[in-house]
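Colleague: Structure: start_15.txt, compact mmCIF, C-alpha atoms.
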```txt
# COMPACT_ATOMS: atom_id res chain seq x y z
CA MET A 7 53.93 -1.43 81.58
CA LYS A 8 52.77 -5.01 81.19
CA LYS A 9 55.63 -6.18 83.37
CA LEU A 10 54.70 -3.61 85.97
CA ILE A 11 51.08 -4.76 86.06
CA LEU A 12 52.20 -8.36 86.31
CA ALA A 13 54.62 -7.54 89.11
CA LEU A 14 51.87 -5.71 90.95
CA LEU A 15 49.49 -8.62 90.56
CA LEU A 16 52.08 -11.05 91.84
CA VAL A 17 52.26 -9.21 95.14
CA ALA A 18 49.58 -11.35 96.66
CA THR A 19 46.91 -9.94 98.89
CA PRO A 20 47.30 -11.39 102.38
CA ALA A 21 44.34 -13.48 103.37
CA LEU A 22 42.04 -12.00 105.93
CA ALA A 23 41.61 -13.72 109.25
CA ASP A 24 37.85 -13.21 109.18
CA GLY A 25 35.48 -12.65 106.30
CA PRO A 26 34.57 -9.16 105.14
CA ILE A 27 32.46 -6.92 107.35
CA ILE A 28 29.11 -6.31 105.67
CA VAL A 29 27.82 -2.74 105.72
CA HIS A 30 24.70 -1.44 104.01
CA LEU A 31 23.99 2.07 102.83
CA LYS A 32 20.25 2.74 102.68
CA ASN A 33 18.45 6.08 102.59
CA HIS A 34 21.95 7.55 102.75
CA LYS A 35 22.67 6.02 106.16
CA PHE A 36 25.23 3.37 107.04
CA THR A 37 24.15 0.22 108.91
CA PRO A 38 26.02 -0.50 111.06
CA SER A 39 27.48 2.97 111.39
CA VAL A 40 29.92 1.87 114.09
CA ILE A 41 32.27 -0.78 112.75
CA LYS A 42 34.65 -2.57 115.07
CA VAL A 43 37.82 -4.13 113.69
CA LYS A 44 40.81 -5.76 115.32
CA ALA A 45 43.72 -3.37 115.73
CA ASN A 46 47.00 -4.00 113.92
CA GLN A 47 45.64 -6.35 111.29
CA PRO A 48 44.09 -5.74 107.88
CA SER A 49 40.35 -6.04 107.43
CA MET A 50 37.82 -5.60 104.69
CA ILE A 51 34.45 -3.90 104.49
CA THR A 52 32.01 -4.92 101.79
CA LEU A 53 29.68 -2.00 101.29
CA PHE A 54 26.30 -2.67 99.72
CA ASN A 55 24.79 0.51 98.37
CA ASP A 56 21.04 -0.14 98.48
CA ASP A 57 20.19 3.37 97.30
CA ASP A 58 19.38 4.29 93.71
CA THR A 59 22.34 6.62 93.35
CA ALA A 60 26.08 6.38 93.78
CA ASP A 61 27.96 7.52 96.85
CA GLU A 62 31.60 7.79 97.76
CA PHE A 63 32.92 6.10 100.89
CA ASP A 64 35.34 8.76 101.98
CA SER A 65 37.70 8.89 104.93
CA SER A 66 40.93 10.79 105.19
CA ALA A 67 41.68 8.98 108.45
CA LEU A 68 41.38 5.60 106.71
CA LYS A 69 42.91 6.95 103.46
CA VAL A 70 40.00 5.59 101.46
CA GLU A 71 38.04 7.16 98.61
CA LYS A 72 35.80 4.62 96.95
CA VAL A 73 32.80 5.25 94.73
CA VAL A 74 30.07 2.64 95.03
CA GLY A 75 27.29 2.86 92.46
CA GLY A 76 23.59 2.59 93.25
CA HIS A 77 22.45 -1.02 93.87
CA SER A 78 25.98 -2.36 93.72
CA LYS A 79 28.73 -3.25 96.15
CA GLY A 80 32.32 -2.31 96.74
CA ASN A 81 35.15 -3.85 98.70
CA ILE A 82 37.04 -1.46 100.93
CA ARG A 83 40.38 -2.72 102.18
CA LEU A 84 41.52 -1.34 105.50
CA ARG A 85 45.18 -1.54 106.36
CA ALA A 86 46.36 -2.63 109.77
CA LEU A 87 45.09 0.16 112.02
CA ALA A 88 46.53 1.39 115.27
CA PRO A 89 43.92 1.36 118.06
CA GLY A 90 41.64 4.37 117.71
CA LYS A 91 38.62 5.90 116.01
CA TYR A 92 38.53 6.50 112.27
CA PRO A 93 35.50 8.47 111.05
CA PHE A 94 34.16 7.98 107.52
CA MET A 95 31.30 9.39 105.47
CA GLY A 96 29.34 9.03 102.27
CA GLU A 97 30.66 12.14 100.61
CA PHE A 98 27.64 12.77 98.40
CA HIS A 99 25.24 12.70 101.36
CA ALA A 100 27.47 13.75 104.22
CA ALA A 101 24.54 15.17 106.24
CA THR A 102 23.25 11.66 107.00
CA ALA A 103 25.87 9.19 105.78
CA GLN A 104 28.30 9.17 108.70
CA GLY A 105 30.09 6.38 110.48
CA VAL A 106 33.18 5.40 112.39
CA VAL A 107 35.60 2.49 112.36
CA ILE A 108 36.88 1.59 115.80
CA ALA A 109 40.09 -0.41 115.92
CA GLU A 110 40.71 -2.15 119.24
CA MET B 12 22.06 23.61 98.44
CA ILE B 13 24.98 24.35 100.73
CA SER B 14 26.17 20.74 100.60
CA ALA B 15 26.12 20.79 96.78
CA LEU B 16 27.99 24.07 96.80
CA ILE B 17 30.69 22.70 99.10
CA ILE B 18 31.20 19.44 97.21
CA VAL B 19 31.37 21.05 93.77
CA PHE B 20 33.55 23.88 95.10
CA ARG B 21 35.99 21.40 96.59
CA GLU B 22 36.30 19.26 93.48
CA VAL B 23 36.52 22.26 91.14
CA ILE B 24 39.18 23.91 93.25
CA GLU B 25 41.26 20.70 93.39
CA ALA B 26 41.33 20.46 89.59
CA GLY B 27 41.44 24.25 89.19
CA LEU B 28 44.60 24.71 91.22
CA ILE B 29 46.39 22.21 89.01
CA VAL B 30 45.13 24.00 85.88
CA GLY B 31 46.26 27.30 87.43
CA ILE B 32 49.78 26.01 88.01
CA VAL B 33 49.96 24.60 84.47
CA LEU B 34 48.79 27.92 83.01
CA ALA B 35 51.35 29.85 85.06
CA ALA B 36 54.10 27.38 84.15
CA THR B 37 53.40 27.97 80.47
CA ALA B 38 52.94 31.74 80.67
CA GLY B 39 53.97 33.21 77.33
CA VAL B 40 54.07 29.92 75.42
CA PRO B 41 52.05 30.26 72.24
CA ALA B 42 49.00 28.03 71.74
CA ARG B 43 48.94 27.01 75.40
CA SER B 44 45.30 28.07 75.90
CA ARG B 45 44.30 25.69 73.13
CA TRP B 46 46.15 22.79 74.74
CA VAL B 47 44.82 23.53 78.21
CA ALA B 48 41.31 23.78 76.74
CA ILE B 49 41.79 20.42 75.01
CA GLY B 50 42.94 18.96 78.35
CA VAL B 51 39.90 20.33 80.18
CA ALA B 52 37.49 19.16 77.46
CA ALA B 53 39.04 15.68 77.34
CA GLY B 54 38.92 15.57 81.15
CA ILE B 55 35.21 16.43 81.23
CA LEU B 56 34.46 13.85 78.54
CA GLY B 57 36.53 11.27 80.44
CA ALA B 58 34.76 12.18 83.70
CA CYS B 59 31.37 11.48 82.10
CA LEU B 60 32.63 8.16 80.73
CA VAL B 61 34.13 7.13 84.08
CA ALA B 62 30.91 8.09 85.84
CA ALA B 63 28.79 6.19 83.31
CA PHE B 64 30.91 3.05 83.57
CA ALA B 65 31.73 3.35 87.28
CA GLY B 66 30.21 -0.06 87.97
CA GLU B 67 32.10 -1.87 85.19
CA LEU B 68 35.33 -0.13 86.16
CA ALA B 69 34.96 -1.12 89.81
CA ASN B 70 34.47 -4.79 88.93
CA LEU B 71 37.83 -5.11 87.18
CA PHE B 72 40.78 -6.71 89.01
CA GLU B 73 38.62 -8.51 91.55
CA GLY B 74 36.83 -5.35 92.63
CA SER B 75 39.96 -3.20 92.69
CA GLY B 76 39.51 -1.68 89.21
CA GLN B 77 38.77 1.78 90.55
CA GLU B 78 41.93 1.82 92.65
CA PHE B 79 44.03 0.52 89.75
CA PHE B 80 42.58 3.11 87.38
CA ASN B 81 43.16 5.99 89.80
CA ALA B 82 46.73 4.88 90.51
CA SER B 83 47.45 4.52 86.78
CA ILE B 84 46.24 7.95 85.73
CA LEU B 85 48.00 9.55 88.70
CA LEU B 86 51.28 7.87 87.75
CA LEU B 87 50.76 8.98 84.15
CA ALA B 88 50.38 12.55 85.40
CA VAL B 89 53.55 12.19 87.52
CA CYS B 90 55.50 11.11 84.41
CA MET B 91 54.13 14.03 82.39
CA LEU B 92 54.96 16.56 85.12
CA THR B 93 58.47 15.13 85.40
CA TRP B 94 58.93 15.34 81.65
CA HIS B 95 57.72 18.93 81.61
CA ASN B 96 60.13 20.00 84.34
CA VAL B 97 63.08 18.23 82.75
CA TRP B 98 62.25 19.66 79.34
CA MET B 99 61.93 23.15 80.77
CA ALA B 100 65.26 22.79 82.58
CA SER B 101 66.99 22.36 79.24
CA HIS B 102 64.91 24.62 76.99
CA GLY B 103 62.94 26.90 79.26
CA ARG B 104 65.38 29.76 79.56
CA GLU B 105 65.96 30.18 75.86
CA MET B 106 62.28 29.89 75.27
CA ALA B 107 61.61 32.71 77.67
CA ARG B 108 64.32 34.80 76.03
CA GLU B 109 63.42 34.11 72.42
CA LEU B 110 59.73 33.96 72.92
CA LYS B 111 58.94 35.64 69.67
CA ALA B 112 61.15 33.40 67.54
CA ALA B 113 58.75 31.50 65.33
CA GLY B 114 58.73 28.02 63.83
CA HIS B 115 61.05 25.57 65.56
CA GLN B 116 60.79 27.10 69.03
CA VAL B 117 57.03 27.11 68.96
CA LYS B 118 56.90 23.53 67.81
CA THR B 119 59.16 22.26 70.60
CA GLY B 120 57.12 24.32 73.04
CA GLU B 121 54.04 22.40 71.97
CA ARG B 122 55.62 19.11 72.87
CA THR B 123 55.65 19.84 76.58
CA LEU B 124 52.19 21.36 76.21
CA THR B 125 50.89 17.93 75.22
CA ALA B 126 52.28 16.56 78.47
CA LEU B 127 50.65 19.32 80.48
CA ALA B 128 47.35 18.92 78.62
CA ILE B 129 47.38 15.28 79.79
CA VAL B 130 48.00 16.44 83.37
CA VAL B 131 45.07 18.88 83.12
CA GLY B 132 42.93 16.12 81.61
CA VAL B 133 43.76 13.73 84.46
CA ALA B 134 43.01 16.35 87.13
CA VAL B 135 39.66 17.28 85.57
CA LEU B 136 38.76 13.63 85.02
CA ARG B 137 39.44 12.62 88.63
CA GLU B 138 37.55 15.44 90.30
CA GLY B 139 34.98 15.75 87.51
CA SER B 140 33.78 12.16 87.68
CA GLU B 141 32.80 12.73 91.32
CA VAL B 142 30.92 15.90 90.44
CA VAL B 143 29.12 14.10 87.60
CA LEU B 144 28.09 11.19 89.85
CA PHE B 145 26.99 13.55 92.59
CA LEU B 146 24.94 15.81 90.32
CA TYR B 147 23.50 12.84 88.44
CA GLY B 148 22.34 11.42 91.76
CA ILE B 149 20.54 14.66 92.57
CA ALA B 150 18.99 14.91 89.14
CA ALA B 151 17.78 11.30 89.38
CA GLN B 152 16.03 12.02 92.68
CA GLY B 153 14.23 15.01 91.15
CA GLY B 154 11.86 17.23 93.10
CA THR B 155 12.22 20.81 94.23
CA SER B 156 15.36 20.16 96.23
CA ALA B 157 17.07 19.19 92.97
CA THR B 158 16.77 22.75 91.65
CA ALA B 159 18.34 24.16 94.81
CA MET B 160 21.14 21.61 94.58
CA VAL B 161 21.86 22.48 90.95
CA VAL B 162 21.98 26.17 91.89
CA GLY B 163 24.34 25.28 94.74
CA GLY B 164 26.48 23.23 92.37
CA GLY B 165 26.62 26.13 89.90
CA LEU B 166 27.69 28.53 92.64
CA GLY B 167 30.33 26.04 93.77
CA LEU B 168 31.66 25.86 90.22
CA VAL B 169 31.91 29.65 89.97
CA ALA B 170 33.53 29.98 93.42
CA GLY B 171 36.04 27.22 92.67
CA ALA B 172 36.94 28.78 89.33
CA LEU B 173 37.39 32.18 91.02
CA VAL B 174 39.79 30.86 93.65
CA SER B 175 41.77 29.02 90.97
CA ALA B 176 41.93 32.20 88.87
CA LEU B 177 43.12 34.15 91.92
CA MET B 178 45.95 31.70 92.40
CA TYR B 179 46.86 31.91 88.70
CA PHE B 180 46.96 35.72 88.70
CA GLY B 181 48.82 35.63 92.00
CA LEU B 182 51.50 33.46 90.40
CA LEU B 183 51.70 35.83 87.44
CA THR B 184 52.69 38.72 89.73
CA ILE B 185 55.99 36.90 90.29
CA PRO B 186 58.67 38.49 88.08
CA ALA B 187 59.17 36.56 84.83
CA GLY B 188 62.72 35.56 85.76
CA LYS B 189 61.61 33.91 89.02
CA LEU B 190 58.31 32.51 87.73
CA PHE B 191 60.03 29.55 86.06
CA GLN B 192 61.73 28.56 89.32
CA VAL B 193 58.52 28.90 91.31
CA THR B 194 56.38 26.91 88.88
CA SER B 195 58.94 24.13 88.48
CA GLY B 196 59.09 23.91 92.28
CA LEU B 197 55.29 23.75 92.47
CA ILE B 198 55.16 21.13 89.72
CA THR B 199 57.78 19.02 91.52
CA LEU B 200 55.72 19.03 94.74
CA LEU B 201 52.52 18.39 92.76
CA ALA B 202 54.13 15.34 91.14
CA ALA B 203 55.45 14.07 94.49
CA GLY B 204 52.00 14.41 96.07
CA MET B 205 50.37 12.57 93.17
CA ALA B 206 52.93 9.75 93.39
CA ALA B 207 52.20 9.35 97.11
CA GLN B 208 48.46 9.33 96.40
CA ALA B 209 48.95 6.70 93.69
CA ILE B 210 50.68 4.52 96.29
CA VAL B 211 47.65 4.84 98.59
CA PHE B 212 45.33 3.72 95.77
CA LEU B 213 47.59 0.73 95.06
CA GLN B 214 47.56 -0.17 98.76
CA ASN B 215 43.76 0.13 98.83
CA GLY B 216 43.63 -2.16 95.82
CA GLY B 217 45.58 -4.76 97.79
CA TRP B 218 48.90 -4.26 96.01
CA LEU B 219 52.31 -3.12 97.24
CA LEU B 220 51.56 -3.72 100.89
CA TYR B 221 55.00 -2.76 102.12
CA PHE B 222 55.87 -0.11 104.72
CA THR B 223 52.23 0.53 105.47
CA GLY B 224 52.85 1.66 109.05
CA THR B 225 52.01 5.28 109.89
CA VAL B 226 55.17 7.33 110.27
CA TRP B 227 53.68 10.39 111.95
CA ASP B 228 50.24 11.84 112.62
CA THR B 229 49.44 15.53 112.33
CA SER B 230 45.65 15.16 112.14
CA TRP B 231 45.39 17.12 115.41
CA LEU B 232 47.10 20.06 113.68
CA LEU B 233 45.46 19.98 110.26
CA SER B 234 42.84 17.47 109.17
CA GLU B 235 42.97 16.29 105.59
CA GLY B 236 39.18 16.51 105.59
CA SER B 237 39.19 20.28 106.11
CA ILE B 238 39.27 22.63 103.13
CA ALA B 239 42.79 23.86 103.98
CA GLY B 240 43.94 20.26 104.42
CA LYS B 241 42.44 19.24 101.08
CA LEU B 242 44.04 22.16 99.29
CA LEU B 243 47.46 21.40 100.74
CA HIS B 244 46.89 17.75 99.86
CA THR B 245 46.26 18.72 96.23
CA LEU B 246 49.08 21.25 96.01
CA VAL B 247 51.95 19.66 97.90
CA GLY B 248 50.60 16.22 98.79
CA TYR B 249 49.88 16.94 102.46
CA SER B 250 48.93 13.77 104.28
CA GLU B 251 47.77 13.86 107.90
CA ALA B 252 49.24 10.42 108.69
CA PRO B 253 51.59 9.30 105.92
CA ASN B 254 52.75 5.70 105.86
CA GLY B 255 56.26 4.59 104.95
CA ALA B 256 55.57 3.73 101.31
CA GLN B 257 53.85 7.08 100.76
CA LEU B 258 56.85 8.95 102.13
CA ILE B 259 59.28 6.90 100.05
CA ALA B 260 57.29 7.64 96.88
CA TYR B 261 57.12 11.34 97.78
CA VAL B 262 60.83 11.77 98.47
CA ALA B 263 61.89 9.53 95.56
CA THR B 264 59.80 11.54 93.09
CA ILE B 265 61.35 14.82 94.21
CA ALA B 266 64.83 13.29 94.06
CA VAL B 267 64.35 11.86 90.57
CA ILE B 268 62.97 15.13 89.18
CA LEU B 269 65.76 17.24 90.71
CA VAL B 270 68.52 14.89 89.55
CA LEU B 271 67.12 14.71 86.00
CA MET B 272 66.72 18.50 85.86
CA ARG B 273 70.28 19.02 87.01
CA MET B 274 71.61 16.47 84.54
CA VAL B 275 69.97 17.95 81.44
CA ASN B 276 70.77 21.46 82.58
CA ARG B 277 74.46 20.61 82.90
CA ARG B 278 74.58 18.80 79.57
CA HIS B 279 72.84 21.71 77.93
CA GLN B 280 75.26 24.22 79.37
CA ALA B 281 78.23 22.13 78.27
CA ALA B 282 76.81 21.98 74.73
CA ARG B 283 76.38 25.74 74.72
CA VAL B 284 80.00 26.35 75.80
CA LYS B 285 81.19 24.09 72.95
CA HIS B 286 79.12 26.07 70.41
CA ALA B 287 80.49 29.41 71.60
```
Once you've parsed the file, please lay out its structure as structure tokens.
Modeller:
Amino acid sequence: MKKLILALLLVATPALADGPIIVHLKNHKFTPSVIKVKANQPSMITLFNDDDTADEFDSSALKVEKVVGGHSKGNIRLRALAPGKYPFMGEFHAATAQGVVIAE
Amino acid sequence: MISALIIVFREVIEAGLIVGIVLAATAGVPARSRWVAIGVAAGILGACLVAAFAGELANLFEGSGQEFFNASILLLAVCMLTWHNVWMASHGREMARELKAAGHQVKTGERTLTALAIVVGVAVLREGSEVVLFLYGIAAQGGTSATAMVVGGGLGLVAGALVSALMYFGLLTIPAGKLFQVTSGLITLLAAGMAAQAIVFLQNGGWLLYFTGTVWDTSWLLSEGSIAGKLLHTLVGYSEAPNGAQLIAYVATIAVILVLMRMVNRRHQAARVKHA
């Protein structure tokens, strides 16, 4: 198991061309709610949850499920995306917490 | 209220279907209810712990602790499901035949029950921690809407449990001779789906970034976000746009389980011929 963990850690994360994209969640709404990324290259979203309670950044299109606690942040890695629209939501407050990643 | 109902329903049903399959796979094994109950209880306890320490967990491994944790417990469940299927391939038939034989048989039966209790625990923990966080958030906000949400959550729990029970009783209508084949098939697909999901978590954590290109896209046909899509995702690992590594993990898991099952089955039959 230890070897496995080590092996996994050794597979280095490729550096990102640009810094992370900052997104805030406040009053259960994403700002910005439309996030543009370059197509065909990995990118990273740093989500700051400014609300008191946790939410889950959820997107089947992006294959991401990530819980971010209240007043904390979470890094969401996006793989290289083909050009297109990838909707996401805050699963615990889906009525208001909606957004879309546009790869172009 | 409706949103609470839907979220809780979805999470309960995802864990409930796995519990239903485990219960059907162990139909007739003594003491299985106790083990499944232990699995559920441990899962709920674990869910509360994971929810309580969500922040600490997330901060591990340079912010990828959550992904690492999810991948680890999924892979643990895959191993346990594999073990169960392989064990059943060598002992299952006799067990079904000599169900009432006491002592030794019962004890060996309990060994695979431990594995399945772990699977149940993992399923309840994963879905449960989301329910705990969600309900805690509502409770923390307070007010009159909180009551409605808790009622909605309760209804979601009941509805999810009902659907899971329906599936369990549906499986039980399969004749006893065929039930073993059906449940081991279901468990194989369940394990393959979990292995593929574990790969996605590893990729999201920044590890194993090989073959990440999408192989096909059936989101136009069935979205993974829909209830039917989610259920198929839980049961057989449906993915609307699988990438290469996901597919490799899926196919490799099925292959390994089938080969191991065939191997122990053959060895067991050879041993039996020698004894006769």
Colleague: Identify all chain B residues at most 7 Å from chain A by counting only C-alpha atoms; ligands do not count. Present them as a list of chain:residue names.
Modeller: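 For chain B, the answer reads B:Ala65, B:Gly66, B:Gly74, B:Leu144, B:Phe145, B:Gly148, B:Asn215, B:Gly217, B:Trp218, B:Leu219, B:Glu235, B:Gly236.
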Colleague: Name the closest residue to Leu190 in chain B among the candidates B:Val30, B:Leu127, B:Val19, B:Ala36; distances are taken between atoms, counting only C-alpha atoms.
Modeller: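 Distance minimum relative to Leu190 in chain B lands on B:Ala36.
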Colleague: Using CA of Ile210 in chain B and CA of Tyr249 in chain B as the two end points, give the distance in Å to one decimal.
Modeller: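 So the two atoms, CA of Ile210 in chain B and CA of Tyr249 in chain B, lie 13.9 Å apart.
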Colleague: Select, from B:Ala134, B:Val33, B:Leu86, B:Ala63, the residue with the minimum atom-to-atom distance to Ala207 in chain B, counting all atoms listed in the file.
Modeller: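 For Ala207 in chain B, the nearest of the given residues is B:Leu86.
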Colleague: Restricting the calculation to only C-alpha atoms: of B:Gly163, B:Gly132, B:Gly248, B:Pro186, which residue gets closest to Ile198 in chain B?
Modeller: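 Closest candidate: B:Gly248.
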Colleague: So, counting only C-alpha atoms, which residue among A:Phe63, A:Pro26, A:Gly96, A:Thr102 is closest to Val43 in chain A?
Modeller: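 Closest to Val43 in chain A, using only C-alpha atoms: A:Pro26.
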Colleague: Need the shell around Ser140 in chain B: protein/DNA/RNA residues with any atom at most 8 Å away, counting all atoms listed in the file. Skip same-chain ones fewer than 3 positions apart. Format as a ChimeraX atom specification?
Modeller: /B:55,57-59,61-62,136-137,143-144
Colleague: Report, in Å to a single decimal, how far apart CA of Trp227 in chain B and CA of Ile259 in chain B are.
Modeller: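 According to the coordinates, CA of Ile259 in chain B and CA of Trp227 in chain B are separated by 13.6 Å.
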Colleague: Report, in Å with one decimal, the straight-line distance from CA of Trp94 in chain B to CA of Leu220 in chain B.
Modeller: 28.1 Å
Colleague: What's the 8 Å shell around Ile27 in chain A, counting only C-alpha atoms, without same-chain residues fewer than 6 positions away, as a PDB file with C-alpha atoms, in the frame of the given file?
Modeller:
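As a result, out23.pdb now contains:
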```pdb
ATOM      1  CA  SER A  49      40.350  -6.040 107.430  1.00  0.00           C
ATOM      2  CA  MET A  50      37.820  -5.600 104.690  1.00  0.00           C
ATOM      3  CA  ILE A  51      34.450  -3.900 104.490  1.00  0.00           C
ATOM      4  CA  THR A  52      32.010  -4.920 101.790  1.00  0.00           C
TER       5      THR A  52
END
```
